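Structure below is data_3.cif: mmCIF, C-alpha atoms.
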```cif
data_query
#
loop_
_atom_site.label_atom_id
_atom_site.label_comp_id
_atom_site.auth_asym_id
_atom_site.auth_seq_id
_atom_site.Cartn_x
_atom_site.Cartn_y
_atom_site.Cartn_z
CA MET A 1 149.13 236.82 0.98
CA LYS A 2 149.74 233.22 0.08
CA ALA A 3 147.29 231.06 -1.76
CA ARG A 4 147.11 227.43 -2.75
CA ILE A 5 145.20 226.25 -5.79
CA THR A 6 144.41 222.58 -6.16
CA VAL A 7 143.44 221.26 -9.56
CA THR A 8 141.85 217.83 -9.80
CA LEU A 9 140.36 215.77 -12.60
CA LYS A 10 136.58 215.74 -12.79
CA ASN A 11 134.75 212.55 -11.95
CA GLY A 12 134.31 210.35 -14.98
CA VAL A 13 137.52 211.58 -16.66
CA LEU A 14 139.90 208.69 -17.13
CA ASP A 15 143.23 209.15 -15.28
CA PRO A 16 145.80 206.69 -16.65
CA GLN A 17 148.58 208.27 -14.56
CA GLY A 18 146.59 207.84 -11.36
CA LYS A 19 145.97 204.23 -12.38
CA ALA A 20 149.72 203.60 -12.83
CA ILE A 21 150.44 205.14 -9.41
CA GLU A 22 147.74 202.97 -7.87
CA HIS A 23 149.41 199.84 -9.29
CA ALA A 24 152.85 201.01 -8.14
CA LEU A 25 151.58 201.52 -4.57
CA SER A 26 150.10 198.02 -4.55
CA GLY A 27 153.42 196.75 -5.88
CA LEU A 28 155.19 198.35 -2.91
CA GLY A 29 153.04 196.29 -0.61
CA PHE A 30 150.56 198.96 0.49
CA ASP A 31 147.42 196.89 0.91
CA GLY A 32 143.97 198.37 0.65
CA VAL A 33 144.84 201.19 -1.75
CA GLY A 34 141.68 202.10 -3.66
CA GLN A 35 141.44 204.48 -6.58
CA VAL A 36 144.27 207.05 -6.97
CA ARG A 37 143.65 210.29 -8.87
CA GLN A 38 146.53 212.61 -9.73
CA GLY A 39 146.18 216.40 -9.60
CA LYS A 40 148.23 219.58 -9.43
CA VAL A 41 148.99 222.12 -6.68
CA PHE A 42 149.99 225.75 -7.31
CA ASP A 43 151.34 227.91 -4.46
CA ILE A 44 150.93 231.54 -5.40
CA GLU A 45 152.13 234.65 -3.59
CA LEU A 46 149.97 237.74 -3.98
CA ALA A 47 150.50 241.40 -3.15
CA GLY A 48 147.73 243.22 -1.27
CA THR A 49 145.50 242.30 1.66
CA ASP A 50 142.02 242.25 0.13
CA LYS A 51 140.96 238.61 0.43
CA ALA A 52 137.77 238.92 -1.59
CA ARG A 53 139.63 240.49 -4.48
CA ALA A 54 142.39 237.87 -4.23
CA GLU A 55 139.83 235.10 -4.36
CA ALA A 56 138.19 236.59 -7.45
CA ASP A 57 141.60 236.98 -9.12
CA LEU A 58 142.64 233.43 -8.27
CA LYS A 59 139.41 232.03 -9.70
CA ALA A 60 139.95 234.02 -12.88
CA MET A 61 143.52 232.63 -13.09
CA CYS A 62 142.10 229.12 -12.84
CA ASP A 63 139.46 229.73 -15.49
CA LYS A 64 141.90 231.42 -17.88
CA LEU A 65 145.00 229.26 -17.48
CA LEU A 66 145.66 227.05 -14.46
CA ALA A 67 142.80 224.60 -15.00
CA ASN A 68 141.23 223.19 -18.13
CA THR A 69 137.62 223.29 -16.99
CA VAL A 70 136.61 220.80 -19.68
CA ILE A 71 138.30 218.07 -17.64
CA GLU A 72 139.40 219.66 -14.36
CA ASN A 73 137.93 221.17 -11.18
CA TYR A 74 139.80 223.62 -8.98
CA ALA A 75 139.74 224.78 -5.37
CA VAL A 76 141.20 228.03 -4.02
CA GLU A 77 142.53 228.43 -0.45
CA ILE A 78 143.93 231.66 0.92
CA ALA A 79 146.21 231.35 3.95
CA MET B 1 146.28 229.86 -52.43
CA LYS B 2 148.18 231.68 -49.70
CA SER B 3 148.95 230.09 -46.38
CA ALA B 4 150.67 230.93 -43.11
CA VAL B 5 152.37 228.73 -40.51
CA VAL B 6 152.33 229.67 -36.82
CA LEU B 7 155.72 229.36 -35.10
CA LEU B 8 156.07 228.90 -31.35
CA PRO B 9 159.09 227.90 -29.27
CA GLY B 10 159.23 224.13 -28.90
CA LEU B 11 157.38 223.20 -32.09
CA ASN B 12 159.45 220.78 -34.18
CA ARG B 13 157.22 219.85 -37.14
CA ASP B 14 157.14 223.36 -38.57
CA ARG B 15 159.56 222.58 -41.40
CA ASP B 16 157.52 219.53 -42.40
CA MET B 17 154.37 221.66 -42.52
CA ILE B 18 156.12 224.42 -44.50
CA ALA B 19 157.47 221.83 -46.97
CA ALA B 20 154.04 220.22 -47.42
CA LEU B 21 152.26 223.54 -47.96
CA THR B 22 154.97 224.76 -50.35
CA LYS B 23 154.79 221.60 -52.46
CA ILE B 24 151.01 221.39 -52.56
CA SER B 25 150.09 225.07 -52.92
CA GLY B 26 153.05 225.96 -55.14
CA GLN B 27 154.20 228.80 -52.90
CA ALA B 28 155.97 229.03 -49.57
CA PRO B 29 153.71 229.91 -46.63
CA ALA B 30 154.22 233.08 -44.62
CA THR B 31 155.43 232.46 -41.07
CA VAL B 32 154.04 234.20 -37.99
CA TRP B 33 155.78 234.26 -34.60
CA GLN B 34 154.14 233.82 -31.21
CA THR B 35 154.25 237.55 -30.41
CA ASP B 36 152.74 238.66 -33.73
CA THR B 37 149.35 240.23 -33.30
CA GLU B 38 148.47 240.24 -36.96
CA ILE B 39 148.42 237.49 -39.55
CA PRO B 40 148.77 238.40 -43.23
CA ASP B 41 145.85 237.93 -45.60
CA VAL B 42 145.90 234.18 -46.24
CA ASP B 43 143.41 231.44 -47.10
CA LEU B 44 144.81 228.88 -44.66
CA ILE B 45 146.62 229.03 -41.31
CA ALA B 46 148.45 225.91 -40.07
CA ILE B 47 149.63 225.24 -36.53
CA PRO B 48 152.26 222.48 -36.68
CA GLY B 49 153.17 219.77 -34.21
CA GLY B 50 155.83 219.64 -31.54
CA PHE B 51 156.11 220.46 -27.88
CA SER B 52 155.36 224.17 -27.56
CA PHE B 53 156.65 225.58 -24.26
CA GLY B 54 157.88 222.13 -23.30
CA ASP B 55 154.30 220.91 -22.76
CA TYR B 56 154.43 222.77 -19.40
CA LEU B 57 151.18 222.97 -17.42
CA ARG B 58 149.18 221.10 -20.10
CA CYS B 59 150.04 220.40 -23.73
CA GLY B 60 149.26 223.53 -25.74
CA ALA B 61 148.05 225.50 -22.70
CA ILE B 62 150.72 228.23 -22.73
CA ALA B 63 150.80 228.49 -26.54
CA ALA B 64 147.02 228.94 -26.63
CA ARG B 65 147.38 232.13 -24.55
CA MET B 66 150.08 233.75 -26.73
CA PRO B 67 149.19 236.91 -28.72
CA VAL B 68 149.37 235.11 -32.08
CA MET B 69 146.52 232.83 -31.02
CA ARG B 70 144.21 235.79 -30.51
CA ALA B 71 144.99 236.71 -34.12
CA VAL B 72 144.26 233.11 -35.19
CA ALA B 73 140.92 233.22 -33.35
CA GLU B 74 139.99 236.48 -35.10
CA LYS B 75 140.84 235.01 -38.51
CA ALA B 76 138.93 231.81 -37.71
CA ALA B 77 135.87 233.88 -36.74
CA LYS B 78 136.09 235.56 -40.15
CA GLY B 79 136.00 232.14 -41.83
CA VAL B 80 139.70 231.63 -42.64
CA THR B 81 140.64 227.94 -42.78
CA VAL B 82 142.70 226.74 -39.81
CA ILE B 83 144.45 223.38 -39.44
CA GLY B 84 146.12 222.25 -36.20
CA VAL B 85 148.16 219.05 -36.30
CA CYS B 86 149.22 217.18 -33.15
CA ASN B 87 150.42 219.92 -30.78
CA GLY B 88 148.51 222.29 -33.08
CA PHE B 89 145.31 220.33 -32.26
CA GLN B 90 146.12 220.54 -28.54
CA ILE B 91 146.64 224.30 -28.89
CA LEU B 92 143.28 224.72 -30.69
CA VAL B 93 141.35 222.88 -27.94
CA GLU B 94 143.19 224.84 -25.23
CA ALA B 95 142.34 228.05 -27.07
CA GLY B 96 138.67 227.06 -27.08
CA LEU B 97 138.53 227.01 -30.89
CA LEU B 98 137.63 223.31 -30.81
CA PRO B 99 135.58 221.42 -28.20
CA GLY B 100 136.91 218.78 -25.78
CA ALA B 101 140.38 218.09 -24.41
CA LEU B 102 143.43 215.97 -25.24
CA MET B 103 144.73 213.88 -22.38
CA ARG B 104 147.69 211.60 -21.67
CA ASN B 105 147.64 208.44 -23.83
CA ALA B 106 145.84 205.60 -22.03
CA SER B 107 148.98 203.47 -22.37
CA LEU B 108 151.05 206.27 -20.74
CA LYS B 109 153.52 205.72 -23.58
CA PHE B 110 154.65 208.04 -26.32
CA VAL B 111 153.40 206.47 -29.58
CA CYS B 112 155.28 206.86 -32.85
CA ARG B 113 153.88 204.62 -35.55
CA GLN B 114 151.56 204.41 -38.54
CA VAL B 115 147.84 204.15 -37.93
CA LYS B 116 144.78 203.80 -40.16
CA LEU B 117 142.16 206.51 -40.34
CA GLU B 118 138.58 206.33 -41.51
CA ILE B 119 137.18 209.41 -43.24
CA ALA B 120 134.18 209.78 -40.91
CA ASN B 121 132.87 212.83 -42.77
CA ALA B 122 133.91 213.40 -46.39
CA ASN B 123 131.63 216.41 -46.65
CA THR B 124 134.00 218.96 -45.11
CA MET B 125 136.38 221.45 -46.70
CA PHE B 126 139.24 219.28 -45.40
CA THR B 127 138.07 215.90 -46.71
CA ARG B 128 136.15 216.56 -49.94
CA ARG B 129 138.91 214.88 -52.00
CA TYR B 130 138.44 211.63 -50.05
CA GLN B 131 135.59 209.11 -50.30
CA PRO B 132 133.15 208.66 -47.38
CA GLY B 133 134.39 205.81 -45.21
CA GLN B 134 137.72 205.64 -47.04
CA ILE B 135 140.57 204.19 -44.98
CA ILE B 136 143.87 206.04 -45.26
CA ARG B 137 147.23 205.61 -43.55
CA SER B 138 148.88 208.28 -41.43
CA PRO B 139 151.81 208.54 -39.03
CA VAL B 140 151.20 209.56 -35.41
CA ALA B 141 153.77 210.73 -32.85
CA HIS B 142 152.42 211.95 -29.52
CA HIS B 143 152.13 211.41 -25.78
CA ASP B 144 148.84 213.23 -25.23
CA GLY B 145 146.36 212.41 -27.97
CA ASN B 146 143.63 210.81 -25.92
CA TYR B 147 140.60 212.86 -26.98
CA PHE B 148 137.96 213.42 -24.33
CA ALA B 149 134.68 215.30 -24.33
CA ASP B 150 131.75 215.09 -21.92
CA ALA B 151 128.69 213.08 -23.02
CA GLU B 152 126.71 216.13 -24.11
CA THR B 153 129.56 217.57 -26.23
CA LEU B 154 130.31 214.16 -27.69
CA ALA B 155 126.68 213.66 -28.74
CA ARG B 156 126.63 217.13 -30.28
CA ILE B 157 129.83 216.84 -32.31
CA GLN B 158 128.96 213.35 -33.52
CA GLY B 159 125.43 214.42 -34.41
CA GLU B 160 126.65 217.46 -36.33
CA GLY B 161 129.26 215.55 -38.34
CA GLN B 162 132.13 217.34 -36.60
CA VAL B 163 134.07 214.09 -36.13
CA VAL B 164 136.08 213.97 -39.35
CA PHE B 165 138.71 211.28 -38.75
CA ARG B 166 138.51 208.13 -36.64
CA TYR B 167 141.25 205.60 -35.94
CA ALA B 168 140.29 202.51 -37.94
CA GLU B 169 140.82 198.76 -37.83
CA GLY B 170 141.88 198.63 -34.19
CA THR B 171 144.74 201.11 -34.60
CA ASN B 172 143.59 203.63 -31.94
CA PRO B 173 147.01 204.46 -30.43
CA ASN B 174 145.94 206.53 -27.42
CA GLY B 175 142.57 205.43 -25.97
CA SER B 176 140.74 208.35 -27.58
CA ILE B 177 137.00 208.23 -26.90
CA ASN B 178 135.04 206.61 -29.79
CA ASP B 179 138.35 206.39 -31.75
CA ILE B 180 138.21 210.13 -32.49
CA ALA B 181 141.36 211.30 -34.32
CA GLY B 182 140.25 214.64 -35.75
CA ILE B 183 137.36 217.10 -35.41
CA VAL B 184 136.14 220.37 -36.90
CA ASN B 185 134.42 223.31 -35.20
CA ASP B 186 130.71 223.93 -35.65
CA LYS B 187 131.34 226.28 -38.61
CA GLY B 188 133.53 223.66 -40.27
CA ASN B 189 136.53 225.92 -40.98
CA VAL B 190 138.81 224.85 -38.09
CA LEU B 191 140.26 221.32 -38.09
CA GLY B 192 142.35 219.65 -35.40
CA LEU B 193 143.84 216.18 -35.71
CA MET B 194 146.52 214.20 -33.89
CA PRO B 195 147.92 212.31 -36.95
CA HIS B 196 150.48 213.94 -39.25
CA PRO B 197 149.08 214.09 -42.82
CA GLU B 198 151.95 216.46 -43.76
CA ASN B 199 154.33 213.52 -43.37
CA LEU B 200 152.62 211.41 -46.04
CA ILE B 201 152.29 213.58 -49.13
CA GLU B 202 154.73 212.10 -51.70
CA ALA B 203 156.39 208.88 -52.81
CA ALA B 204 159.53 209.66 -50.79
CA HIS B 205 157.36 209.48 -47.64
CA GLY B 206 156.18 206.00 -48.60
CA GLY B 207 152.76 207.19 -49.75
CA ASN B 208 150.61 210.25 -50.30
CA ASP B 209 147.50 209.44 -48.24
CA GLY B 210 147.69 212.82 -46.46
CA ARG B 211 147.99 214.90 -49.59
CA ALA B 212 144.26 215.10 -50.37
CA LEU B 213 143.62 216.79 -47.02
CA PHE B 214 145.77 219.77 -48.05
CA GLU B 215 144.43 219.70 -51.62
CA SER B 216 140.90 219.83 -50.18
CA ALA B 217 141.68 222.65 -47.76
CA LEU B 218 143.69 224.66 -50.28
CA GLY B 219 141.23 224.01 -53.10
CA VAL B 220 144.03 222.99 -55.47
CA ALA B 221 143.83 220.31 -58.15
CA ALA B 222 145.15 216.85 -57.36
#
```
Please express the file's structure as structure tokens.
Amino acid sequence: MKARITVTLKNGVLDPQGKAIEHALSGLGFDGVGQVRQGKVFDIELAGTDKARAEADLKAMCDKLLANTVIENYAVEIA
Amino acid sequence: MKSAVVLLPGLNRDRDMIAALTKISGQAPATVWQTDTEIPDVDLIAIPGGFSFGDYLRCGAIAARMPVMRAVAEKAAKGVTVIGVCNGFQILVEAGLLPGALMRNASLKFVCRQVKLEIANANTMFTRRYQPGQIIRSPVAHHDGNYFADAETLARIQGEGQVVFRYAEGTNPNGSINDIAGIVNDKGNVLGLMPHPENLIEAAHGGNDGRALFESALGVAA
């Protein structure tokens, strides 16, 4: 099984890196770029075929390590 | 007073911390490695600065999940004094021993300079040798010192006197919310701060403004 975890900053958390990317895109001539927020993607391979268990494991991985839930949200997708 | 210093791969201020604790307490601290599951009987545990595990994932995130940090958490729960400086502060927030998070500096630049700190609470075991509101100098050197906490947490820690150090006189180097430079846990025995008091403890450093922090925490005479 393959899974993708997307970690994004919560609303209201300042993202200076996203801001710098936003300015760089404008500098390249891309008009109409609004706010840019930077996040992280983790592609994870899992043994087994039990999707419900995989989802529970992936959420636990996010809570324990992959995301800092003080400042970040996460989403789990299983392919 | 006995102390211990936590060692993790990628830390680089460990020798400074060991030197400061040796000079101020009069005896060399014990050292504990990342895989150690027990910490000797000490009065103070220090987690130095640096770039543990290359700052991979998030600063301090991997270090916070190493076996030695479970031992630190157990000691902290028993009331042992814990100080985390710079990366040590990041490790303590990632380990959940202190509230909030430390994010990339608002300037996106690594800052290495001297700042001024206000003693925001002189009634802690880490600051009792300072005066309330006293302004001291301290070096900083970090890329991710931008303290953040949600509104509810911020109100709580400010209300409870858990904000111990604030950047003063416009010297906030990282965009930290409400100029927060250092905080303690609700029990008051765990301190995290971004500045490096261990690098300003004697004349050869150009001043000793940081010395009273260790004298306070170690309970040794000035």
- Message: Can you spell out as a ChimeraX atom specification the set of residues that the PyMOL selection byres ((chain B and resi 49) around 9) selects in the structure I just provided?
- Response: /B:11-14,17,47-48,50-52,84-89,194,196
- Enumerate as a list in words the residues belonging to chain B that approach chain A to within 10 Å, with all atoms listed in the file taken into account.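 That gives Leu57, Arg58, Ala61, Ile62, Ala64, Arg65, Val93, Glu94, Ala95, Gly96, Pro99, Gly100, Ala101, Leu102, Met103, Arg104, Asn105, Ala106, Ser107, Leu108, Asn146, Phe148, Ala149, Asp150 and Gly175 of chain B for chain B.
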- Item | Expansion of the PyMOL selection byres ((chain A and resi 55) around 12) into residues, as a PyMOL selection string | chain A and resi 1-5+44+46+48-54+56-62+75-79
- Message: Considering only C-alpha atoms, can you say which of B:Tyr167, B:Leu154, B:Leu21, B:Thr31 comes closest to B:Leu213?
- Response: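 The closest residue to B:Leu213 is B:Leu21.
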- Given the file above and the PyMOL selection byres ((chain B and resi 201) around 10), which residues are selected, and can you give them as a PyMOL selection string? chain B and resi 19-20+23-24+138+197-200+202-214
With C-alpha atoms retained, could you export that selection as a compact mmCIF listing (two decimals), in the frame of the given file?
```txt
# COMPACT_ATOMS: atom_id res chain seq x y z
CA ALA B 19 157.47 221.83 -46.97
CA ALA B 20 154.04 220.22 -47.42
CA LYS B 23 154.79 221.60 -52.46
CA ILE B 24 151.01 221.39 -52.56
CA SER B 138 148.88 208.28 -41.43
CA PRO B 197 149.08 214.09 -42.82
CA GLU B 198 151.95 216.46 -43.76
CA ASN B 199 154.33 213.52 -43.37
CA LEU B 200 152.62 211.41 -46.04
CA GLU B 202 154.73 212.10 -51.70
CA ALA B 203 156.39 208.88 -52.81
CA ALA B 204 159.53 209.66 -50.79
CA HIS B 205 157.36 209.48 -47.64
CA GLY B 206 156.18 206.00 -48.60
CA GLY B 207 152.76 207.19 -49.75
CA ASN B 208 150.61 210.25 -50.30
CA ASP B 209 147.50 209.44 -48.24
CA GLY B 210 147.69 212.82 -46.46
CA ARG B 211 147.99 214.90 -49.59
CA ALA B 212 144.26 215.10 -50.37
CA LEU B 213 143.62 216.79 -47.02
CA PHE B 214 145.77 219.77 -48.05
```
- Message: Report, in Å with one decimal, the straight-line distance from atom CA of B:Ala46 to atom CA of B:Arg113.
- Response: 22.4 Å
- Item | Atom pair atom CA of B:Asp144 / atom CA of B:Val111: separation (Å) | 9.2 Å
- Message: Considering all atoms listed in the file, can you say which of B:Arg70, B:His143, B:Lys2, B:Lys78 comes closest to B:Pro173?
- Response: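 Of B:Arg70, B:His143, B:Lys2, B:Lys78, the one nearest B:Pro173 is B:His143, counting all atoms listed in the file.
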- Message: Neighbouring residues of A:Leu25 were defined as those with any atom within 12 Å, considering all atoms listed in the file; residues of the same chain fewer than 6 positions away were excluded. Please report them as number ranges by chain.
- Response: A: 18-19, 31-36
Based on the selection just made, write C-alpha atoms of those residues as a PDB file, keeping the file's coordinate frame.
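So part_17.pdb came out as:
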```pdb
ATOM      1  CA  GLY A  18     146.590 207.840 -11.360  1.00  0.00           C
ATOM      2  CA  LYS A  19     145.970 204.230 -12.380  1.00  0.00           C
ATOM      3  CA  ASP A  31     147.420 196.890   0.910  1.00  0.00           C
ATOM      4  CA  GLY A  32     143.970 198.370   0.650  1.00  0.00           C
ATOM      5  CA  VAL A  33     144.840 201.190  -1.750  1.00  0.00           C
ATOM      6  CA  GLY A  34     141.680 202.100  -3.660  1.00  0.00           C
ATOM      7  CA  GLN A  35     141.440 204.480  -6.580  1.00  0.00           C
ATOM      8  CA  VAL A  36     144.270 207.050  -6.970  1.00  0.00           C
TER       9      VAL A  36
END
```
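Minimum distance to B:Gly10 across B:Ala122, B:Ala168, B:Ile135, B:Cys59 (counting all atoms listed in the file) occurs at B:Cys59.
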- Item | Given only C-alpha atoms as the counted atoms, nearest of A:Val7, A:Ala47, A:Ala24, A:Val41 to A:Asp63 |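 Closest to A:Asp63, using only C-alpha atoms: A:Val7.
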